[in-house]
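Structure, as structure tokens:
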Amino acid sequence: MTQRDRMRTTTRGAIAGVAWVGGLAMQGLGLLLPIALAGGAPAAAQTSACTDPQDQSTMNRCAYESWERVDRTLNQTYQSTIARLNPAQQRQLVAAQQAWIMFRDRHCTFAAGNFEGGSMQPLIEWSCKESTTQERLNDLQAYRRGTIVPARGQSLAAADAALNRVYQVLLRSQSGQQRSRLIAAEEAWIRFRDRACTFERSLQPTGDRCAIRLSDQRTADLQAAVNQP
């Protein structure tokens, strides 16, 4: 039984008419329009302060600034990549990117959930967004080069089984709102995986390599959450 079967996920429709790319919105496939970042962006930290932050507030601002740099690079890479695609591939990449942004936000909401209301919550959320965005940036940079990031594993069945084992362990350890957040993040990841792999197959006949790679990445993310004290 696959993860989709276990999750019994219903794929919901994409955000109609707008492709969200990091902190930006794109109408159709054309102009990028800047929008406010959800939750209100902290003021930019001084570079020197981020070299050796001395308090939690500075750590939070520096984490935001670090994520913002990666996000800016991702948006630039996305734009240069999509310009090289044919119309059908552009639509597929837009759909994959919409799904990825929903996954990123839900995943990082879960990651920071145990710190909700505390001074560390922004640090955890921005750090999560930075690492998640870097993973997606690696994919987009490969697409721009006309290649696809290789999978380390060889078996989709093995990758899917490993992911399900870790997911179930983590799910059993959660309750209340955090359990709901984890389920929502996993549903969003499945949607992203399916759309990303549809796009990658339009570039190269990759077989199961995309699903194996993304499953291995997700397994590592969930295992890190399991290992948290």
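Each chain in the structure tokens gets a letter, A, B, ..., in the order shown, and its residues are numbered from 1; ligands are numbered from 1 in order too.
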- as a PyMOL selection string, please: all residues of stretch 109-180 of chain A that backbone DSSP puts in alpha helix (DSSP H). chain A and resi 109-113+121-145+156-172+176-180
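Inside stretch 18-188 of chain A, the residues DSSP reads as strand (DSSP E) when given the backbone are Val18, Ala19, Trp20, Val21, Leu24, Ala25, Met26, Gln27, Leu32, Leu33 and Pro34 of chain A.
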- Task: Using only C-alpha atoms, determine which residues lie at most 7 Å from A:Trp67, disregarding the query and same-chain residues fewer than 2 positions distant; provide the list as a list in words.
- Result: Ala63, Tyr64, Glu65, Arg69, Val70, Asp71, Trp126, Ser127, Lys129 and Glu130 of chain A
- Item | Counting only C-alpha atoms, the option among A:Gln174, A:Thr77, A:Thr51, A:Ser202 closest to A:Gly113 |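 Among A:Gln174, A:Thr77, A:Thr51, A:Ser202, it is A:Gln174 that comes nearest to A:Gly113.
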